[in-house]
Every structure is written in C-alpha cells, then in structure tokens.
>>> print(open('final.cif').read())   # mmCIF, C-alpha atoms
data_my_file
#
loop_
_atom_site.group_PDB
_atom_site.id
_atom_site.type_symbol
_atom_site.label_atom_id
_atom_site.label_comp_id
_atom_site.auth_asym_id
_atom_site.auth_seq_id
_atom_site.Cartn_x
_atom_site.Cartn_y
_atom_site.Cartn_z
ATOM 1 C CA MET A 29 94.893 68.983 94.500
ATOM 2 C CA GLU A 30 93.717 72.149 93.060
ATOM 3 C CA GLU A 31 95.678 73.910 90.423
ATOM 4 C CA ARG A 32 98.542 76.065 91.541
ATOM 5 C CA LEU A 33 100.367 78.864 89.822
ATOM 6 C CA TYR A 34 104.118 79.209 90.084
ATOM 7 C CA ASP A 35 106.678 81.734 88.990
ATOM 8 C CA LEU A 36 109.995 80.226 88.108
ATOM 9 C CA ILE A 37 113.008 82.394 87.370
ATOM 10 C CA PHE A 38 116.440 81.031 86.696
ATOM 11 C CA ILE A 39 119.672 82.769 85.864
ATOM 12 C CA CYS A 40 122.353 81.364 83.586
ATOM 13 C CA ARG A 41 125.959 82.421 83.290
ATOM 14 C CA PRO A 42 126.336 85.312 80.821
ATOM 15 C CA ALA A 43 128.627 83.279 78.558
ATOM 16 C CA THR A 44 126.123 80.467 78.123
ATOM 17 C CA PRO A 45 125.505 79.703 74.424
ATOM 18 C CA GLU A 46 121.941 79.800 73.149
ATOM 19 C CA GLU A 47 121.889 76.053 72.534
ATOM 20 C CA GLU A 48 122.660 75.324 76.161
ATOM 21 C CA ILE A 49 119.727 77.420 77.298
ATOM 22 C CA ALA A 50 117.501 75.793 74.705
ATOM 23 C CA LYS A 51 118.609 72.412 76.029
ATOM 24 C CA ILE A 52 117.743 73.339 79.591
ATOM 25 C CA MET A 53 114.414 74.699 78.470
ATOM 26 C CA LYS A 54 113.698 71.486 76.622
ATOM 27 C CA THR A 55 114.395 69.346 79.658
ATOM 28 C CA LEU A 56 112.244 71.612 81.787
ATOM 29 C CA GLU A 57 109.421 71.429 79.278
ATOM 30 C CA HIS A 58 109.675 67.657 79.339
ATOM 31 C CA VAL A 59 109.513 67.605 83.110
ATOM 32 C CA ILE A 60 106.545 69.952 83.122
ATOM 33 C CA ALA A 61 104.751 67.867 80.508
ATOM 34 C CA ASP A 62 105.421 64.687 82.473
ATOM 35 C CA HIS A 63 103.792 66.164 85.528
ATOM 36 C CA LYS A 64 100.866 67.473 83.487
ATOM 37 C CA GLY A 65 101.794 71.064 84.058
ATOM 38 C CA VAL A 66 101.187 73.929 81.633
ATOM 39 C CA ILE A 67 103.583 76.732 80.754
ATOM 40 C CA VAL A 68 101.563 79.938 80.879
ATOM 41 C CA LYS A 69 104.362 82.371 80.165
ATOM 42 C CA ASN A 70 107.848 81.923 78.861
ATOM 43 C CA GLU A 71 110.071 84.973 78.677
ATOM 44 C CA ASN A 72 113.739 85.491 78.118
ATOM 45 C CA TRP A 73 114.788 88.750 79.712
ATOM 46 C CA GLY A 74 118.235 88.537 78.188
ATOM 47 C CA THR A 75 121.434 89.534 79.928
ATOM 48 C CA LYS A 76 120.852 91.660 83.000
ATOM 49 C CA ARG A 77 123.110 93.047 85.654
ATOM 50 C CA LEU A 78 122.857 91.187 88.919
ATOM 51 C CA ALA A 79 122.341 93.202 92.066
ATOM 52 C CA TYR A 80 125.118 91.264 93.735
ATOM 53 C CA ARG A 81 127.724 88.738 92.743
ATOM 54 C CA VAL A 82 126.473 85.206 92.258
ATOM 55 C CA LYS A 83 129.140 82.559 91.815
ATOM 56 C CA LYS A 84 131.558 85.288 90.744
ATOM 57 C CA ASN A 85 129.222 86.551 88.012
ATOM 58 C CA ARG A 86 128.074 90.149 87.840
ATOM 59 C CA GLU A 87 125.667 89.536 84.981
ATOM 60 C CA GLY A 88 123.307 86.785 84.072
ATOM 61 C CA ILE A 89 120.761 85.648 81.526
ATOM 62 C CA PHE A 90 117.326 85.709 83.132
ATOM 63 C CA ILE A 91 114.683 83.260 82.031
ATOM 64 C CA TYR A 92 111.203 83.589 83.410
ATOM 65 C CA LEU A 93 108.517 80.907 83.367
ATOM 66 C CA GLN A 94 105.001 80.873 84.703
ATOM 67 C CA ILE A 95 103.601 77.425 85.272
ATOM 68 C CA THR A 96 100.318 75.985 86.423
ATOM 69 C CA SER A 97 100.286 72.533 87.874
ATOM 70 C CA THR A 98 98.306 70.286 90.129
ATOM 71 C CA ASP A 99 101.291 68.201 91.083
ATOM 72 C CA GLY A 100 103.464 69.453 93.914
ATOM 73 C CA GLU A 101 106.264 67.109 92.927
ATOM 74 C CA LEU A 102 106.787 69.128 89.766
ATOM 75 C CA VAL A 103 108.483 71.981 91.580
ATOM 76 C CA LYS A 104 110.734 69.599 93.415
ATOM 77 C CA GLU A 105 111.791 67.983 90.177
ATOM 78 C CA LEU A 106 112.287 71.298 88.364
ATOM 79 C CA GLU A 107 114.464 72.634 91.137
ATOM 80 C CA ARG A 108 116.490 69.444 91.182
ATOM 81 C CA ARG A 109 117.091 69.757 87.447
ATOM 82 C CA LEU A 110 118.108 73.378 87.767
ATOM 83 C CA LYS A 111 120.446 72.564 90.610
ATOM 84 C CA VAL A 112 122.151 69.936 88.492
ATOM 85 C CA ALA A 113 122.346 72.106 85.360
ATOM 86 C CA GLU A 114 125.836 73.549 85.170
ATOM 87 C CA PRO A 115 125.118 76.940 83.498
ATOM 88 C CA VAL A 116 122.368 77.824 85.961
ATOM 89 C CA ILE A 117 123.697 79.986 88.774
ATOM 90 C CA LYS A 118 120.472 80.864 90.565
ATOM 91 C CA TYR A 119 116.809 79.926 90.500
ATOM 92 C CA GLN A 120 113.699 80.783 92.429
ATOM 93 C CA THR A 121 110.203 79.348 92.456
ATOM 94 C CA VAL A 122 107.375 81.355 93.961
ATOM 95 C CA ARG A 123 103.843 80.148 94.469
ATOM 96 C CA LEU A 124 101.474 82.846 93.316
ATOM 97 C CA ASP A 125 97.969 81.440 93.184
ATOM 98 C CA GLU A 126 96.993 82.523 96.674
ATOM 99 C CA GLU A 127 98.074 86.070 96.052
ATOM 100 C CA MET A 128 96.243 86.044 92.740
ATOM 101 C CA LYS A 129 93.164 84.784 94.547
ATOM 102 C CA LEU A 130 93.406 87.619 97.010
ATOM 103 C CA GLN A 131 93.885 90.074 94.175
ATOM 104 C CA LYS A 132 90.801 88.776 92.387
ATOM 105 C CA LYS A 133 88.839 89.049 95.596
ATOM 106 C CA LEU A 134 89.898 92.636 96.108
ATOM 107 C CA VAL A 135 89.119 93.552 92.527
ATOM 108 C CA ALA A 136 85.713 91.905 92.803
ATOM 109 C CA ARG A 137 85.006 93.753 96.016
ATOM 110 C CA ARG A 138 85.975 97.062 94.496
ATOM 111 C CA GLU A 139 83.816 96.454 91.461
ATOM 112 C CA LEU A 140 80.926 95.556 93.708
ATOM 113 C CA LYS A 141 81.406 98.800 95.584
ATOM 114 C CA LEU A 142 81.503 100.749 92.357
ATOM 115 C CA SER A 143 78.477 99.013 90.971
ATOM 116 C CA ARG A 144 76.546 99.647 94.159
ATOM 117 C CA LYS A 145 77.126 103.360 94.133
ATOM 118 C CA PRO A 146 75.514 104.024 90.765
ATOM 119 C CA ARG A 147 72.567 101.860 91.775
ATOM 120 C CA ARG A 148 71.682 104.293 94.509
ATOM 121 C CA THR A 149 71.674 107.162 92.094
ATOM 122 C CA ALA A 150 70.247 105.173 89.209
ATOM 123 C CA PRO A 151 66.637 104.785 90.418
ATOM 124 C CA PRO A 152 66.019 108.543 90.630
ATOM 125 C CA ALA A 153 67.556 108.945 87.205
ATOM 126 C CA ALA A 154 65.442 106.123 85.791
ATOM 127 C CA ALA A 155 62.256 107.347 87.448
ATOM 128 C CA PRO A 156 62.136 110.687 85.656
ATOM 129 C CA ALA A 157 63.067 108.998 82.421
ATOM 130 C CA ALA A 158 60.131 106.611 82.671
ATOM 131 C CA PRO A 159 57.396 109.217 83.114
ATOM 132 C CA VAL A 160 58.873 111.368 80.394
ATOM 133 C CA ALA A 161 58.819 108.533 77.914
ATOM 134 C CA PRO A 162 55.068 107.801 77.958
ATOM 135 C CA PRO A 163 53.899 111.367 77.348
ATOM 136 C CA ALA A 164 56.274 111.707 74.460
ATOM 137 C CA PRO A 165 54.632 109.117 72.180
ATOM 138 C CA PRO A 166 51.157 110.678 72.458
ATOM 139 C CA ALA A 167 52.659 114.057 71.685
ATOM 140 C CA GLU A 168 54.099 112.823 68.463
ATOM 141 C CA PRO A 169 50.894 111.350 67.074
ATOM 142 C CA ALA A 170 49.107 114.518 68.074
ATOM 143 C CA SER A 171 51.577 116.607 66.167
ATOM 144 C CA ALA A 172 51.394 114.208 63.255
ATOM 145 C CA ALA A 173 47.587 114.433 63.272
ATOM 146 C CA SER A 174 47.586 118.183 63.334
ATOM 147 C CA MET B 27 92.323 113.638 114.588
ATOM 148 C CA ALA B 28 92.180 117.418 114.419
ATOM 149 C CA ASP B 29 92.369 117.602 118.209
ATOM 150 C CA GLN B 30 95.449 115.448 118.264
ATOM 151 C CA GLN B 31 97.184 117.560 115.728
ATOM 152 C CA GLY B 32 96.164 120.680 117.545
ATOM 153 C CA SER B 33 97.550 119.431 120.825
ATOM 154 C CA GLN B 34 100.767 118.267 119.275
ATOM 155 C CA ALA B 35 101.473 121.322 117.264
ATOM 156 C CA PRO B 36 101.578 123.848 120.162
ATOM 157 C CA SER B 37 103.901 121.630 122.187
ATOM 158 C CA GLY B 38 106.248 121.359 119.259
ATOM 159 C CA SER B 39 106.109 125.062 118.581
ATOM 160 C CA GLY B 40 106.503 125.812 122.286
ATOM 161 C CA GLN B 41 109.756 123.942 122.405
ATOM 162 C CA GLY B 42 110.931 125.615 119.298
ATOM 163 C CA GLY B 43 109.914 128.996 120.669
ATOM 164 C CA SER B 44 111.698 128.538 123.970
ATOM 165 C CA TYR B 45 114.876 127.482 122.290
ATOM 166 C CA GLY B 46 114.598 130.251 119.826
ATOM 167 C CA SER B 47 114.095 132.869 122.531
ATOM 168 C CA SER B 48 116.827 131.555 124.825
ATOM 169 C CA ARG B 49 119.473 131.576 122.186
ATOM 170 C CA PRO B 50 119.436 135.283 121.412
ATOM 171 C CA HIS B 51 119.369 136.104 125.151
ATOM 172 C CA SER B 52 122.395 134.013 125.969
ATOM 173 C CA SER B 53 124.333 135.308 123.032
ATOM 174 C CA GLY B 54 123.443 138.914 123.756
ATOM 175 C CA PRO B 55 124.455 139.503 127.410
ATOM 176 C CA GLY B 56 127.306 137.006 127.311
ATOM 177 C CA GLY B 57 128.241 134.234 129.745
ATOM 178 C CA GLY B 58 127.100 136.067 132.919
ATOM 179 C CA GLY B 59 123.634 136.634 131.648
ATOM 180 C CA GLY B 60 123.240 133.036 130.660
ATOM 181 C CA GLY B 61 121.718 132.059 133.984
ATOM 182 C CA ARG B 62 119.313 134.929 133.962
ATOM 183 C CA SER B 63 118.215 134.303 130.489
ATOM 184 C CA ARG B 64 117.614 130.701 131.346
ATOM 185 C CA GLU B 65 115.241 131.754 134.084
ATOM 186 C CA GLY B 66 113.628 134.327 131.915
ATOM 187 C CA GLY B 67 113.515 132.058 128.934
ATOM 188 C CA PRO B 68 110.769 129.690 130.043
ATOM 189 C CA GLY B 69 108.802 132.513 131.721
ATOM 190 C CA GLY B 70 108.982 134.687 128.684
ATOM 191 C CA GLY B 71 108.570 131.697 126.470
ATOM 192 C CA SER B 72 105.179 130.891 127.934
ATOM 193 C CA GLY B 73 103.714 133.935 126.235
ATOM 194 C CA PRO B 74 104.741 133.114 122.692
ATOM 195 C CA ARG B 75 104.071 129.467 123.340
ATOM 196 C CA LYS B 76 100.356 130.009 123.639
ATOM 197 C CA GLY B 77 100.386 132.289 120.665
ATOM 198 C CA GLY B 78 101.803 129.440 118.622
ATOM 199 C CA LYS B 79 103.909 131.508 116.283
ATOM 200 C CA ARG B 80 105.497 128.562 114.601
ATOM 201 C CA GLN B 81 103.281 125.737 113.574
ATOM 202 C CA PHE B 82 104.370 122.839 111.492
ATOM 203 C CA PHE B 83 101.960 121.488 108.989
ATOM 204 C CA ARG B 84 103.553 118.469 107.552
ATOM 205 C CA LYS B 85 101.821 117.276 104.442
ATOM 206 C CA ARG B 86 100.065 114.079 105.287
ATOM 207 C CA LYS B 87 101.557 111.195 103.378
ATOM 208 C CA VAL B 88 99.177 108.941 101.550
ATOM 209 C CA CYS B 89 99.868 105.362 100.638
ATOM 210 C CA ARG B 90 100.977 105.386 97.044
ATOM 211 C CA PHE B 91 99.651 101.904 96.450
ATOM 212 C CA CYS B 92 96.239 102.778 97.846
ATOM 213 C CA VAL B 93 96.007 105.749 95.514
ATOM 214 C CA ASP B 94 96.815 103.547 92.530
ATOM 215 C CA LYS B 95 94.596 100.776 93.898
ATOM 216 C CA VAL B 96 97.317 98.162 93.742
ATOM 217 C CA ASP B 97 96.176 94.667 94.676
ATOM 218 C CA TYR B 98 99.419 92.864 94.064
ATOM 219 C CA ILE B 99 102.973 94.122 94.274
ATOM 220 C CA ASP B 100 105.071 92.388 91.668
ATOM 221 C CA TYR B 101 108.516 91.357 92.849
ATOM 222 C CA LYS B 102 109.755 91.383 89.262
ATOM 223 C CA LYS B 103 109.429 95.161 88.961
ATOM 224 C CA ALA B 104 112.700 95.940 90.657
ATOM 225 C CA ASP B 105 112.802 99.499 89.329
ATOM 226 C CA MET B 106 109.568 100.327 91.084
ATOM 227 C CA LEU B 107 110.631 98.592 94.282
ATOM 228 C CA ASN B 108 113.929 100.467 94.323
ATOM 229 C CA ALA B 109 111.998 103.604 95.245
ATOM 230 C CA PHE B 110 111.196 102.008 98.601
ATOM 231 C CA VAL B 111 114.701 101.157 99.728
ATOM 232 C CA GLN B 112 117.569 103.296 100.916
ATOM 233 C CA ASP B 113 120.718 103.704 98.886
ATOM 234 C CA ARG B 114 122.302 100.933 100.855
ATOM 235 C CA GLY B 115 119.383 98.612 100.174
ATOM 236 C CA LYS B 116 117.487 98.835 103.447
ATOM 237 C CA ILE B 117 113.713 98.804 103.217
ATOM 238 C CA LEU B 118 112.337 102.229 104.064
ATOM 239 C CA PRO B 119 109.994 102.341 107.066
ATOM 240 C CA ARG B 120 106.370 103.283 106.695
ATOM 241 C CA ARG B 121 106.891 106.585 108.439
ATOM 242 C CA MET B 122 109.183 107.631 105.623
ATOM 243 C CA THR B 123 107.113 106.519 102.667
ATOM 244 C CA GLY B 124 103.607 106.780 104.069
ATOM 245 C CA THR B 125 102.706 103.328 102.844
ATOM 246 C CA CYS B 126 99.753 101.738 104.635
ATOM 247 C CA SER B 127 100.371 98.683 106.762
ATOM 248 C CA ARG B 128 98.879 96.217 104.350
ATOM 249 C CA HIS B 129 100.815 97.485 101.386
ATOM 250 C CA GLN B 130 103.994 97.719 103.413
ATOM 251 C CA ARG B 131 103.587 94.050 104.228
ATOM 252 C CA TRP B 132 103.208 93.188 100.569
ATOM 253 C CA LEU B 133 106.011 95.495 99.629
ATOM 254 C CA CYS B 134 108.366 93.845 102.107
ATOM 255 C CA GLU B 135 107.529 90.464 100.709
ATOM 256 C CA ALA B 136 108.112 91.653 97.164
ATOM 257 C CA ILE B 137 111.446 93.276 98.001
ATOM 258 C CA LYS B 138 112.658 90.159 99.761
ATOM 259 C CA ARG B 139 111.710 87.962 96.820
ATOM 260 C CA SER B 140 113.345 90.391 94.478
ATOM 261 C CA ARG B 141 116.537 90.273 96.519
ATOM 262 C CA ASN B 142 116.561 86.523 96.490
ATOM 263 C CA ILE B 143 116.739 86.360 92.719
ATOM 264 C CA ALA B 144 119.399 89.093 92.444
ATOM 265 C CA LEU B 145 117.090 91.736 91.029
ATOM 266 C CA MET B 146 117.700 93.882 94.097
ATOM 267 C CA SER B 147 120.657 94.043 96.408
ATOM 268 C CA PHE B 148 120.731 92.973 100.030
ATOM 269 C CA ALA B 149 123.375 95.598 100.670
ATOM 270 C CA SER B 150 125.171 97.776 98.197
ATOM 271 C CA GLU B 151 128.745 96.788 97.520
ATOM 272 C CA LEU B 152 131.285 99.429 98.299
#
>>> encode(input="final.cif", output="structure tokens")
Amino acid sequence: MEERLYDLIFICRPATPEEEIAKIMKTLEHVIADHKGVIVKNENWGTKRLAYRVKKNREGIFIYLQITSTDGELVKELERRLKVAEPVIKYQTVRLDEEMKLQKKLVARRELKLSRKPRRTAPPAAAPAAPVAPPAPPAEPASAAS
Amino acid sequence: MADQQGSQAPSGSGQGGSYGSSRPHSSGPGGGGGGRSREGGPGGGSGPRKGGKRQFFRKRKVCRFCVDKVDYIDYKKADMLNAFVQDRGKILPRRMTGTCSRHQRWLCEAIKRSRNIALMSFASEL
C-alpha cells in the first residue's frame, strides 16, 4: 500500500493535567511506531473554546498530529486508543494525501502555464540579444587597437 | 454574456418603472382614480421602460479562492471559514459569496470537517 497522510486531531478535557496528555501522546507514539508510521507534525494548540458543547465541556485542549503511514490498521488502532482514553472527549482523523496530490497537480499545472508564457516571448527577446552580442566583441578590439 | 445582461436589465428596470409610476398616480387622485391609473400605468410605463431609466449594475462577484489561487482549503482555519457561514452557522450559498463551484465544493467539505471537530458550530446556541 502506498503511503498515506492523515490528520489526527483530538480534544482533551480542559482540566486534564499535562502528564495525562503526555501519557496519551506516548501511547499514541508507540502505536504509530509499531505500525511503522511517522509523525510529521505534532502541535499542541492549547485550550480553545469549543464551538458547541462536547460531553458538557465548553473548552478543550486541542492536540494536532500529522501522520504518514502505509498501514491502514494504524488509524483503526489509534481511534480505538483515543476512544478508550478517559480525558479525550473528541477526535477526528482525516485522510489528506489525495487532496495533497490534487493540490500538487494544480500547482504543477499552474507553473507549467506560467513557464510556457515566457517561452513564447523569450525567443524574440533572445534573438535580438544574440545578434547584438557578436558585433560587440569586434567593436571592442577595434577601439582597443585605435 | 453582454446580451444576456442587456436583456435582463431592461425587464428589471421596466418592472421597477411601472411600479414607480403607478404608485404616485394612485396616491395622487385617491381611491377612485386607482383603476384609471392602473390602466394608464402600463401604457404610460411602456415609454419609460424602453428608455431604461433605472439600470442595475451589480458588481460581478469573483471567487475569492480563485483570485488567491487556493488549491486546498484547510479545515483547521476556522476563522477564515467563518466568513462563509451565516451567523447561525449555515453555509452561505454561492450566489451570496460568488465562490466558484469547485471551490464551493471544497469549502463545504472543509466547513463540515471543521464542524465535526468542534472548531465551527453546527448551529449557534441561543
């Protein structure tokens, strides 16, 4: 299976001590390592207001992970762990690699378009430059000789 | 495109003109003259209609994402996405924001993901 990119966000209760979060992170890292995944990004967004109440909480600690993996079972296992973890109130995994692929394609296409446009104008610009260059060297020796 | 706008604009202005002309008539002569003015309204209105006194030129909306050349709409940027929902949390239609169909599709997806992880609300709590 080709490599896939995932976004994983989970929200902990606002009163969760740092150690608890570190513990969850450690277990997740273990799981990811076991499945030969790689953590690309690891961000703690801190306490943020939730847009709606989740398990009677109005705030939550957001933790954001970006993971690449070739094993589909990894996500299953991560979500199971998060479901079991008591301080975690919400989590979401999103597969991103296909959108990133599309983005790369669009960027490549745009660059191609941009690179094509100058090419059309470049030859005329290069053509005058080429004829100008040869006469210049003879002129210099002539002036040097005189 | 120009033809379409041209054809639409006179019809819109014609309606506006007829209403505009009928109102002063009815208010002027009173209730009795209402019938007469109604008859005279459309007849008289046909003149100004062709003249096209009132024309609406609505500024054409351009897709904001196309202008910025956005290739991926990030669901994590809730602040940016909040510009594309109503106060109550409904996703704004394309006709309101001018977003192109492709970007609207991506935008919808992003807003729905954002809602799922409590970055945006499904409906505002009152």
>>> closest_residue(input="final.cif", among="B:Val111, B:Ile99, B:Met146, B:Cys126", to="Glu127 in chain A", atoms="only C-alpha atoms")
B:Ile99
>>> axis_aligned_box(input="final.cif", around="range 77-88 of chain A", padding_each_side="5 Å", output="lines of an AutoDock Vina configuration file")
center_x = 126.9
center_y = 87.9
center_z = 88.9
size_x = 19.2
size_y = 20.6
size_z = 19.7
>>> atom_distance(input="final.cif", atom1="CA of Lys133 in chain A", atom2="CA of Leu33 in chain A")
16.4 Å
>>> residues_around(input="final.cif", residues="range 49-53 of chain A", least_positions_apart="5", cutoff="9 Å", atoms="all atoms listed in the file", output="ChimeraX atom specification")
/A:40,44,58,109-110,113,115
>>> resolve_selection(input="final.cif", expression="the PyMOL selection byres ((chain A) within 9 of (chain B))", output="list in words")
Ile37, Phe38, Ile39, Lys76, Arg77, Leu78, Ala79, Tyr80, Arg81, Val82, Lys118, Tyr119, Gln120, Val122, Glu127, Met128, Leu130, Gln131, Lys132, Leu134 and Val135 of chain A
>>> atom_distance(input="final.cif", atom1="CA of Asp113 in chain B", atom2="CA of Ile117 in chain A")
26.0 Å
>>> atom_distance(input="final.cif", atom1="CA of Pro42 in chain A", atom2="CA of Leu107 in chain B")
24.6 Å
>>> resolve_selection(input="final.cif", expression="the PyMOL selection byres ((chain B and resi 89) around 7)", output="list of chain:residue names")
B:Lys87, B:Val88, B:Arg90, B:Phe91, B:Cys92, B:Val93, B:Gly124, B:Thr125, B:Cys126
>>> closest_residue(input="final.cif", among="A:Thr121, A:Gly74, A:Ile89, A:Glu30", to="Leu106 in chain A", atoms="only C-alpha atoms")
A:Thr121
>>> closest_residue(input="final.cif", among="A:Leu56, A:Leu102, A:Ala61, A:Leu93", to="Trp73 in chain A", atoms="all atoms listed in the file")
A:Leu93
